[in-house]
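First the structure, in the form of C-alpha cells, and then the observations on it.
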Amino acid sequence: MPVVKDTADLPVQVADGVTETLVAGPAVFGAPVPMRMRRVALEPGRTAALDAGGAEVMAYVVAGGGAMAVAGERHELAPESMAWIEPGPFELEAGDAGLVVLVAEAPDPAR
C-alpha cells in the first residue's frame with residue numbers, strides 16, 4: 001500500500017538562504033526506510049555544505065544552476081544534470097537563478 005505525504009507535513013529547516021526539506025526517510029514515513037531524500041533549495045549566491053554520513057549520493061538538479069565542490073574539485077551544475085558522489089562531504093553553490101537539488105542518499109548496507 002503506498003504512503004502519500006502532503007508537503008505541508010514534511011520536516012523543513014531554513015537557515016542563511018538555504019531550505020532543506022526531508023522528503024523521504026524514517027522521520028517522514030515513521031518506519032525504517034533504506035534511504036533518505038532531501039530537497040535542497042539555495043537562494044542565488046548561497047552555499048550549503050552537505051554530508052550524507054557515509055552514504056553514496058545521487059543529486060539531481062531540479063531548477064536553477066550553480067556548482068558542486070567535491071574533494072576540492074568544482075563541477076558545474078545545470079538544470080536536469082545529475083551527479084553521483086561517493087561517501088563524504090560536498091558543497092553546493094547556487095548561481096544567479098538559485099539552485100534546487102534533490103539529494104538521494106543510500107547507505108552502504110555493509111556499514
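To be explicit about the labels: the chains of the C-alpha cells are called A, B, and onward in the order shown, and within each one the residues are counted from 1, while ligands get numbers from 1 in the order they are shown.
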
Please list as an NGL selection string every residue within 9 Å of Leu22 of chain A, counting only C-alpha atoms and excluding residues in the same chain fewer than 5 positions away. :A and (10-13 or 27-28 or 36-40)

Tell me, as a short mmCIF file (atom, residue, chain, number, x, y, z; two decimals) with C-alpha atoms, in the first residue's frame, which residues lie within 9 Å of Leu50 of chain A, counting only C-alpha atoms; anything in the same chain fewer than 3 positions away does not count.
data_model
loop_
_atom_site.label_atom_id
_atom_site.label_comp_id
_atom_site.auth_asym_id
_atom_site.auth_seq_id
_atom_site.Cartn_x
_atom_site.Cartn_y
_atom_site.Cartn_z
CA GLY A 88 31.91 12.17 2.18
CA PRO A 89 31.21 15.88 2.40
CA PHE A 90 30.38 18.09 -0.56
CA GLU A 91 29.23 21.64 -1.13
CA LEU A 92 26.54 23.16 -3.33
#

Would you mind reading off the distance between atom CA of Tyr60 of chain A and atom CA of Ala24 of chain A, one decimal, in Å? 15.0 Å

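Closest to Ala52 of chain A among A:Ala78, A:Ala94, A:Ile85, A:Met68 is A:Ile85, based on only C-alpha atoms.
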
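All residues of protein, DNA or RNA that reach within 10 Å of Val14 of chain A, judged by only C-alpha atoms and not counting those fewer than 5 positions away in the chain, are A:Thr19, A:Glu20, A:Thr21, A:Val40, A:Ala41, A:Leu42.
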
Residues as selected, C-alpha atoms, written as an mmCIF file, in the first residue's frame, can you do that?
data_model
loop_
_atom_site.group_PDB
_atom_site.id
_atom_site.type_symbol
_atom_site.label_atom_id
_atom_site.label_comp_id
_atom_site.auth_asym_id
_atom_site.auth_seq_id
_atom_site.Cartn_x
_atom_site.Cartn_y
_atom_site.Cartn_z
ATOM 1 C CA THR A 19 15.925 25.481 2.685
ATOM 2 C CA GLU A 20 16.190 21.727 3.274
ATOM 3 C CA THR A 21 13.023 19.641 3.089
ATOM 4 C CA VAL A 40 17.800 21.447 -1.032
ATOM 5 C CA ALA A 41 16.905 24.926 -2.306
ATOM 6 C CA LEU A 42 19.531 27.672 -2.291
#

Need the shell around Leu77 of chain A: protein/DNA/RNA residues with any atom at most 8 Å away, counting only C-alpha atoms. Skip same-chain ones fewer than 2 positions apart. Format as an MDAnalysis selection string? chainID A and resid 61 65:68 75 79 81:82

Can I get the selected residues back with C-alpha atoms, as a short mmCIF file (atom, residue, chain, number, x, y, z; two decimals), in the first residue's frame?
data_model
loop_
_atom_site.label_atom_id
_atom_site.label_comp_id
_atom_site.auth_asym_id
_atom_site.auth_seq_id
_atom_site.Cartn_x
_atom_site.Cartn_y
_atom_site.Cartn_z
CA VAL A 61 19.21 19.46 -10.33
CA GLY A 65 22.19 26.13 -11.70
CA GLY A 66 25.47 26.58 -9.95
CA ALA A 67 28.28 24.32 -8.87
CA MET A 68 29.18 21.38 -6.67
CA HIS A 75 31.77 20.78 -11.07
CA PRO A 79 19.08 22.15 -14.89
CA SER A 81 22.04 17.47 -14.61
CA MET A 82 22.86 14.62 -12.26
#

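From atom CA of Val100 of chain A back to atom CA of Gly17 of chain A, the distance works out to 11.9 Å.
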
Contact residues around Val57 of chain A with only C-alpha atoms at 6 Å, ignoring same-chain residues under 6 positions, as a VMD selection string: chain A and resid 84 to 85 104 to 105

Keeping only N, CA and C atoms, write the selected residues as a short mmCIF file (atom, residue, chain, number, x, y, z; two decimals), in the first residue's frame.
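File produced: out-v5.cif:
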data_model
loop_
_atom_site.label_atom_id
_atom_site.label_comp_id
_atom_site.auth_asym_id
_atom_site.auth_seq_id
_atom_site.Cartn_x
_atom_site.Cartn_y
_atom_site.Cartn_z
N TRP A 84 26.72 11.63 -9.20
CA TRP A 84 26.87 10.57 -8.20
C TRP A 84 28.09 10.94 -7.38
N ILE A 85 27.94 10.88 -6.06
CA ILE A 85 29.02 11.31 -5.16
C ILE A 85 29.31 10.18 -4.19
N ALA A 104 19.48 12.30 -2.97
CA ALA A 104 19.08 10.97 -2.50
C ALA A 104 20.30 10.27 -1.93
N GLU A 105 20.16 9.75 -0.72
CA GLU A 105 21.26 9.11 -0.02
C GLU A 105 20.93 7.65 0.24
#

Counting only C-alpha atoms, the residue of A:Leu99, A:Val18, A:Ala55, A:Ala48 that sits nearest Pro34 of chain A: A:Ala55

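Rounded to one decimal, atom CA of Val70 of chain A and atom CA of Gly54 of chain A lie 14.2 Å from each other.
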
Taking the chain letters and numbering used in this document, name the residues of chain A that DSSP puts in strand (DSSP E), as a PyMOL selection string. chain A and resi 12-15+18-24+36-42+47-51+55-70+73-77+82-85+89-107

Determine which residues of segment 14-102 of chain A DSSP labels as alpha helix (DSSP H) from the backbone of this structure, then write them out as an MDAnalysis selection string. chainID A and resid 26:29

Given the selection you just returned, output its residues as a file containing N, CA and C atoms, formatted as a JSON list (two decimals), in the first residue's frame.
[["chain", "number", "residue", "atom", "x", "y", "z"],
["A", 26, "PRO", "N", 13.09, 7.72, 7.52],
["A", 26, "PRO", "CA", 12.33, 7.25, 8.68],
["A", 26, "PRO", "C", 11.49, 8.34, 9.36],
["A", 27, "ALA", "N", 12.03, 9.57, 9.43],
["A", 27, "ALA", "CA", 11.29, 10.65, 10.09],
["A", 27, "ALA", "C", 10.03, 11.03, 9.31],
["A", 28, "VAL", "N", 10.00, 10.76, 8.02],
["A", 28, "VAL", "CA", 8.83, 11.09, 7.19],
["A", 28, "VAL", "C", 7.80, 9.97, 7.24],
["A", 29, "PHE", "N", 8.27, 8.73, 7.11],
["A", 29, "PHE", "CA", 7.35, 7.61, 6.98],
["A", 29, "PHE", "C", 7.09, 6.86, 8.28]]

List the spatial neighbours of Ala59 of chain A as a PyMOL selection string - criterion: any atom at most 6 Å away, only C-alpha atoms, same-chain residues fewer than 2 positions off excluded. chain A and resi 82-83+102-103

Can I get the selection written as a PDB file, in the first residue's frame, with C-alpha atoms?
ATOM      1  CA  MET A  82      22.856  14.616 -12.255  1.00  0.00           C
ATOM      2  CA  ALA A  83      25.830  13.661 -10.118  1.00  0.00           C
ATOM      3  CA  LEU A 102      17.085  16.533  -4.943  1.00  0.00           C
ATOM      4  CA  VAL A 103      19.717  14.727  -2.872  1.00  0.00           C
TER       5      VAL A 103
END

Got a sec: who's within 7 Å of Met35 of chain A, counting only C-alpha atoms, leaving out chain neighbours fewer than 5 positions off, as an MDAnalysis selection string? chainID A and resid 25 105:107
